[in-house]
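Enquirer: Take this structure, written in structure tokens, and hold onto it; I'll ask about it next.
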Amino acid sequence: MAAGLEEAFGAAGEFGGGQRRLTAFLVLLQVYVACQSMLIVLVGAMPEYRIDQEGIPASKAELAKHIHFTSNFTSIVTEWYLIEQEAYKVSLASSLFFAGLLIGNITFGPLSDRLGRKPVYMSGLFFDVLFGYVTALAPNYGVFAVSRFFVGIVNGGMALVSFVLTQEYVGKSFWSFTGSLTNLTFAVGIAVYALLGYCVREWRHLALVSNTPGVIFLLLSFMLPESPRWLYSQGKTAEAEDVMQYIALGNGKERLNLKLKPSAGTSLKDEPPPGILNLVKHPVLRWRTIILMYIWYVCSLVYYGLTLNAGELGGNLYLNVALYGLVEVPAFPLCMFFIEKPWSGRRKTMMCFLIFAGFACMFTMFLPKSSGLLLSPTLLALCGKMMVSAAFNIVYIYTSELYPTVLRNAGLGVCSMSCRFGGILAPFVPSMKSLSPSVPLVVFGISGLSAGFLTLLLPETLNKPIAESIEDLQSPKYRVLINEKANQLEEST
């Protein structure tokens, strides 16, 4: 029988055993992504040191004779003596990584929309592993810094495509679950990296150990199928049917008697495939993209801003890194509970989390440091960070549902690019304390509040059909499906 893609997922299974194995593999990949993303935190750590003469020696050879590092780990600081006037190079390597992420987010999305999810993902993972080894074996700082830039490009792009691939293997009703699980695993991956750092104190060995799992993931990735949603959106219905049969067999079902209907918009063969400019040309997508770019930017700005204003965590370096990741874990059960409820959904839940994060910033500046544990500025700021982590998690899922399949990666890529600008600018906002101590928190608070209210301009996507092509956004049938879903939802409540 002829059927649409959602009907095919209903027949093959939306989240059966085969899909759970595919999802588990790509979700576990986030541990590797987290280790690469957080590498500079330990590899570039500044240990305690003393110099047994007055002043800083002019040459590195002289400096090596008179400097004594007292910590029991090595880093690029101890190997290349990146202290005093040279200390900025650690931050520079970190900035180059984020600059690479920005480029990777904007380039890999459109590429995967045109060439397919799997080949772009595989290429990104291959070069991520390659440049990861270059980082670990770098003979000097210059090679290290350049390798971090290229790791940023391929790591950011590959992670983006793998996230979309995770979503497109399963039925739409499970997107919130797989999206939350992906982001949760990234947070746990930060704690795993802290544990690796605790066990492996030599920075080159740590970089090698952190990068080697990528080889295993690369080899196993050859067994992944292409996204059936991407194949269907490109008019490759026969190949999409083969993947759906593969999924059905993996779910323990017999071979399906199924033939997919042609996707809307694929009959126009002479027209070029949709590209990133369609995000600007199409009026509905244009306004969605502008609003989502601002929300992604604010999520990043407030997230890193609250981290910087939470105060210095004294004590063990590795414990601090682990807590940095684990503080985000409670955010994900909150997301899973609220975004699936008809009375809250994606839009209202994200709005509330952003507004709560904004108020956390504003209220923190009114609390004295000696106000006690339950009302301490640090605890309130960390609660705010948990709120914005929840918003970050939702915006990934929400954005995936707001774009049609043919432009989903391009849309996510553009939004992720604006997110990187927020991360880059966040460290500079605290310098505004020179105007007034409360200015940085006011900036973060107003940003969170404004993004929260802007969310109300976006449509709800809970229990709504997913657009496969741009034409679906204006198709009367698509709009009827939306109304039918909304009516069914109202009747069920």
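Going through the structure tokens in order, the chains are called A, B, and so on, while each chain numbers its residues from 1 and the ligands are numbered from 1 in the order shown.
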I want to know what sits within 12 Å of Ala191 (chain A), based on only C-alpha atoms, with residues of the same chain fewer than 6 positions away left out; could you give that as a PyMOL selection string?

Expert: chain A and resi 31-32+34-35+38+184-185+197-198+317-329

Enquirer: Any chance you can output those residues with N, CA and C atoms as a compact mmCIF listing (two decimals), in the first residue's frame?

Expert:
```
# COMPACT_ATOMS: atom_id res chain seq x y z
N VAL A 31 29.85 11.25 24.31
CA VAL A 31 30.92 11.20 25.30
C VAL A 31 32.24 11.60 24.64
N TYR A 32 32.47 11.07 23.43
CA TYR A 32 33.68 11.43 22.67
C TYR A 32 33.65 12.91 22.30
N ALA A 34 32.15 15.31 23.88
CA ALA A 34 32.37 16.10 25.11
C ALA A 34 33.85 16.13 25.47
N CYS A 35 34.53 14.99 25.34
CA CYS A 35 35.97 14.94 25.66
C CYS A 35 36.76 15.88 24.75
N MET A 38 35.89 19.62 25.73
CA MET A 38 36.41 20.08 27.03
C MET A 38 37.91 19.87 27.18
N LEU A 184 21.95 14.90 27.54
CA LEU A 184 22.29 14.36 28.85
C LEU A 184 23.62 13.62 28.79
N THR A 185 23.83 12.84 27.72
CA THR A 185 25.07 12.08 27.59
C THR A 185 26.26 13.01 27.41
N GLY A 197 41.01 12.53 33.18
CA GLY A 197 42.07 13.46 33.57
C GLY A 197 42.64 13.14 34.93
N TYR A 198 41.78 12.68 35.85
CA TYR A 198 42.25 12.31 37.18
C TYR A 198 43.19 11.10 37.11
N LEU A 317 40.63 20.28 41.07
CA LEU A 317 40.38 20.67 39.69
C LEU A 317 39.47 19.67 38.98
N TYR A 318 39.72 18.38 39.16
CA TYR A 318 38.98 17.35 38.44
C TYR A 318 37.54 17.26 38.96
N LEU A 319 37.35 17.44 40.25
CA LEU A 319 36.00 17.46 40.82
C LEU A 319 35.21 18.63 40.27
N ASN A 320 35.87 19.79 40.14
CA ASN A 320 35.20 20.97 39.61
C ASN A 320 34.72 20.75 38.18
N VAL A 321 35.56 20.12 37.35
CA VAL A 321 35.19 19.85 35.96
C VAL A 321 34.00 18.89 35.93
N ALA A 322 34.02 17.87 36.79
CA ALA A 322 32.91 16.91 36.84
C ALA A 322 31.61 17.60 37.25
N LEU A 323 31.68 18.46 38.27
CA LEU A 323 30.48 19.18 38.71
C LEU A 323 29.95 20.09 37.62
N TYR A 324 30.84 20.65 36.83
CA TYR A 324 30.46 21.53 35.72
C TYR A 324 29.51 20.80 34.77
N GLY A 325 29.74 19.50 34.57
CA GLY A 325 28.85 18.72 33.73
C GLY A 325 27.65 18.18 34.47
N LEU A 326 27.87 17.67 35.68
CA LEU A 326 26.79 16.99 36.40
C LEU A 326 25.70 17.94 36.88
N VAL A 327 26.02 19.22 37.05
CA VAL A 327 25.00 20.17 37.48
C VAL A 327 23.90 20.31 36.43
N GLU A 328 24.21 19.91 35.18
CA GLU A 328 23.21 19.99 34.12
C GLU A 328 22.27 18.78 34.09
N VAL A 329 22.66 17.68 34.73
CA VAL A 329 21.89 16.44 34.62
C VAL A 329 20.43 16.59 35.08
```

Enquirer: Identify, on the basis of only C-alpha atoms, every residue whose closest approach to region 411-417 of chain A does not exceed 7 Å; exclude the query and any residue fewer than 2 positions from it along the same chain; express the result as a list in words.

Expert: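 Neighbouring residues, sequence-local ones excluded: Leu102, Asn105, Ile106, Gly109, Leu292, Met293, Trp296, Thr399, Tyr403, Leu407, Arg408, Asn409, Cys419, Arg420 and Phe421 of chain A.
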
Enquirer: Go through A:Arg201, A:Lys259, A:Lys172, A:Arg117 one by one, measure the shortest atom-to-atom distance of each to Ala45 (chain A) using only C-alpha atoms, and give the residue with the smallest value.

Expert: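 Counting only C-alpha atoms, the residue closest to Ala45 (chain A) is A:Arg201.
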
Enquirer: Using 12 Å as the limit and counting only C-alpha atoms, can you tabulate each residue of region 188-286 of chain A that touches region 135-146 of chain A, with its shortest atom-to-atom distance in Å and the two atoms involved, as JSON lines?

Expert:
```
{"residue": "A:Glu202", "atom": "CA", "partner": "A:Ala136", "partner_atom": "CA", "distance": 10.7}
{"residue": "A:Trp203", "atom": "CA", "partner": "A:Ala136", "partner_atom": "CA", "distance": 8.0}
{"residue": "A:Arg204", "atom": "CA", "partner": "A:Ala136", "partner_atom": "CA", "distance": 5.0}
{"residue": "A:His205", "atom": "CA", "partner": "A:Ala136", "partner_atom": "CA", "distance": 7.4}
{"residue": "A:Leu206", "atom": "CA", "partner": "A:Ala136", "partner_atom": "CA", "distance": 8.2}
{"residue": "A:Ala207", "atom": "CA", "partner": "A:Ala136", "partner_atom": "CA", "distance": 5.2}
{"residue": "A:Leu208", "atom": "CA", "partner": "A:Ala136", "partner_atom": "CA", "distance": 5.8}
{"residue": "A:Val209", "atom": "CA", "partner": "A:Ala136", "partner_atom": "CA", "distance": 9.4}
{"residue": "A:Ser210", "atom": "CA", "partner": "A:Ala136", "partner_atom": "CA", "distance": 9.6}
{"residue": "A:Asn211", "atom": "CA", "partner": "A:Ala136", "partner_atom": "CA", "distance": 8.6}
{"residue": "A:Thr212", "atom": "CA", "partner": "A:Ala136", "partner_atom": "CA", "distance": 10.7}
```

Enquirer: Write the selection just made, keeping N, CA, C and O atoms, as an mmCIF file, in the first residue's frame?

Expert:
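Result saved to again.cif:
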```
data_model
loop_
_atom_site.group_PDB
_atom_site.id
_atom_site.type_symbol
_atom_site.label_atom_id
_atom_site.label_comp_id
_atom_site.auth_asym_id
_atom_site.auth_seq_id
_atom_site.Cartn_x
_atom_site.Cartn_y
_atom_site.Cartn_z
ATOM 1 N N GLU A 202 49.449 13.085 32.479
ATOM 2 C CA GLU A 202 50.328 13.647 31.442
ATOM 3 C C GLU A 202 49.456 14.080 30.263
ATOM 4 O O GLU A 202 48.683 13.285 29.724
ATOM 5 N N TRP A 203 49.554 15.345 29.832
ATOM 6 C CA TRP A 203 48.566 15.901 28.925
ATOM 7 C C TRP A 203 48.537 15.232 27.558
ATOM 8 O O TRP A 203 47.468 15.060 26.961
ATOM 9 N N ARG A 204 49.696 14.812 27.048
ATOM 10 C CA ARG A 204 49.705 14.143 25.733
ATOM 11 C C ARG A 204 49.021 12.783 25.820
ATOM 12 O O ARG A 204 48.256 12.410 24.920
ATOM 13 N N HIS A 205 49.277 12.057 26.884
ATOM 14 C CA HIS A 205 48.607 10.773 27.072
ATOM 15 C C HIS A 205 47.095 10.957 27.240
ATOM 16 O O HIS A 205 46.298 10.168 26.724
ATOM 17 N N LEU A 206 46.714 12.015 27.954
ATOM 18 C CA LEU A 206 45.284 12.305 28.143
ATOM 19 C C LEU A 206 44.616 12.612 26.802
ATOM 20 O O LEU A 206 43.510 12.135 26.520
ATOM 21 N N ALA A 207 45.289 13.404 25.960
ATOM 22 C CA ALA A 207 44.738 13.728 24.639
ATOM 23 C C ALA A 207 44.605 12.477 23.777
ATOM 24 O O ALA A 207 43.615 12.308 23.046
ATOM 25 N N LEU A 208 45.575 11.580 23.864
ATOM 26 C CA LEU A 208 45.529 10.331 23.092
ATOM 27 C C LEU A 208 44.393 9.429 23.579
ATOM 28 O O LEU A 208 43.627 8.878 22.776
ATOM 29 N N VAL A 209 44.285 9.276 24.900
ATOM 30 C CA VAL A 209 43.239 8.419 25.472
ATOM 31 C C VAL A 209 41.847 8.979 25.160
ATOM 32 O O VAL A 209 40.916 8.222 24.845
ATOM 33 N N SER A 210 41.703 10.291 25.197
ATOM 34 C CA SER A 210 40.408 10.920 24.917
ATOM 35 C C SER A 210 40.022 10.787 23.450
ATOM 36 O O SER A 210 38.826 10.744 23.116
ATOM 37 N N ASN A 211 41.004 10.744 22.566
ATOM 38 C CA ASN A 211 40.733 10.719 21.128
ATOM 39 C C ASN A 211 40.535 9.307 20.574
ATOM 40 O O ASN A 211 39.821 9.117 19.589
ATOM 41 N N THR A 212 41.160 8.312 21.186
ATOM 42 C CA THR A 212 41.145 6.953 20.641
ATOM 43 C C THR A 212 39.751 6.344 20.501
ATOM 44 O O THR A 212 39.495 5.625 19.513
#
```

Enquirer: As an exercise, work out the distance from CA of Tyr193 (chain A) to CA of Phe353 (chain A) in Å and give it to one decimal place.

Expert: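 Between CA of Tyr193 (chain A) and CA of Phe353 (chain A) the gap is 27.8 Å.
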
Enquirer: Tell me, in Å to one decimal, how far CA of Leu441 (chain A) is from CA of Leu39 (chain A).

Expert: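 Interatomic distance, CA of Leu441 (chain A) to CA of Leu39 (chain A): 28.3 Å.
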
Enquirer: Give me, as number ranges by chain, the residues of region 62-108 of chain A that a backbone DSSP run labels helix (DSSP H, G or I).

Expert: A: 62-66, 76-80, 84-86, 88-108

Enquirer: Of the candidates A:Ile466, A:Leu26, A:Leu454, A:Leu220, which shows the shortest atom-to-atom distance to Gly171 (chain A), using only C-alpha atoms?

Expert: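 That would be A:Ile466, the residue with the smallest distance to Gly171 (chain A).
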
Enquirer: Can you tell me how far CA of Val243 (chain A) sits from CA of Pro228 (chain A), in Å to one decimal?

Expert: 6.0 Å

Enquirer: Restricting the calculation to only C-alpha atoms, which member of A:Glu84, A:Asp242, A:Glu340, A:Asp113 is positioned closest to Ala12 (chain A)?

Expert: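 Residue with the minimum atom-to-atom distance to Ala12 (chain A): A:Asp242.
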
Enquirer: Which of these residues is nearest to Ile355 (chain A), using only C-alpha atoms: A:Ser438, A:Thr70, A:Ser447, A:Ser162?

Expert: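 Of A:Ser438, A:Thr70, A:Ser447, A:Ser162, the one nearest Ile355 (chain A), counting only C-alpha atoms, is A:Ser447.
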
Enquirer: Pick from A:Met244, A:Gln167, A:Leu354, A:Met46: nearest to Trp80 (chain A), with only C-alpha atoms counted?

Expert: A:Met46

Enquirer: What's the 9 Å shell around Leu458 (chain A), counting only C-alpha atoms, without same-chain residues fewer than 2 positions away, as a list in words?

Expert: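 Using only C-alpha atoms, the neighbours found are Trp287, Arg288, Ile291, Leu292, Arg347, Leu402, Leu454, Thr455, Leu456 and Glu460 of chain A.
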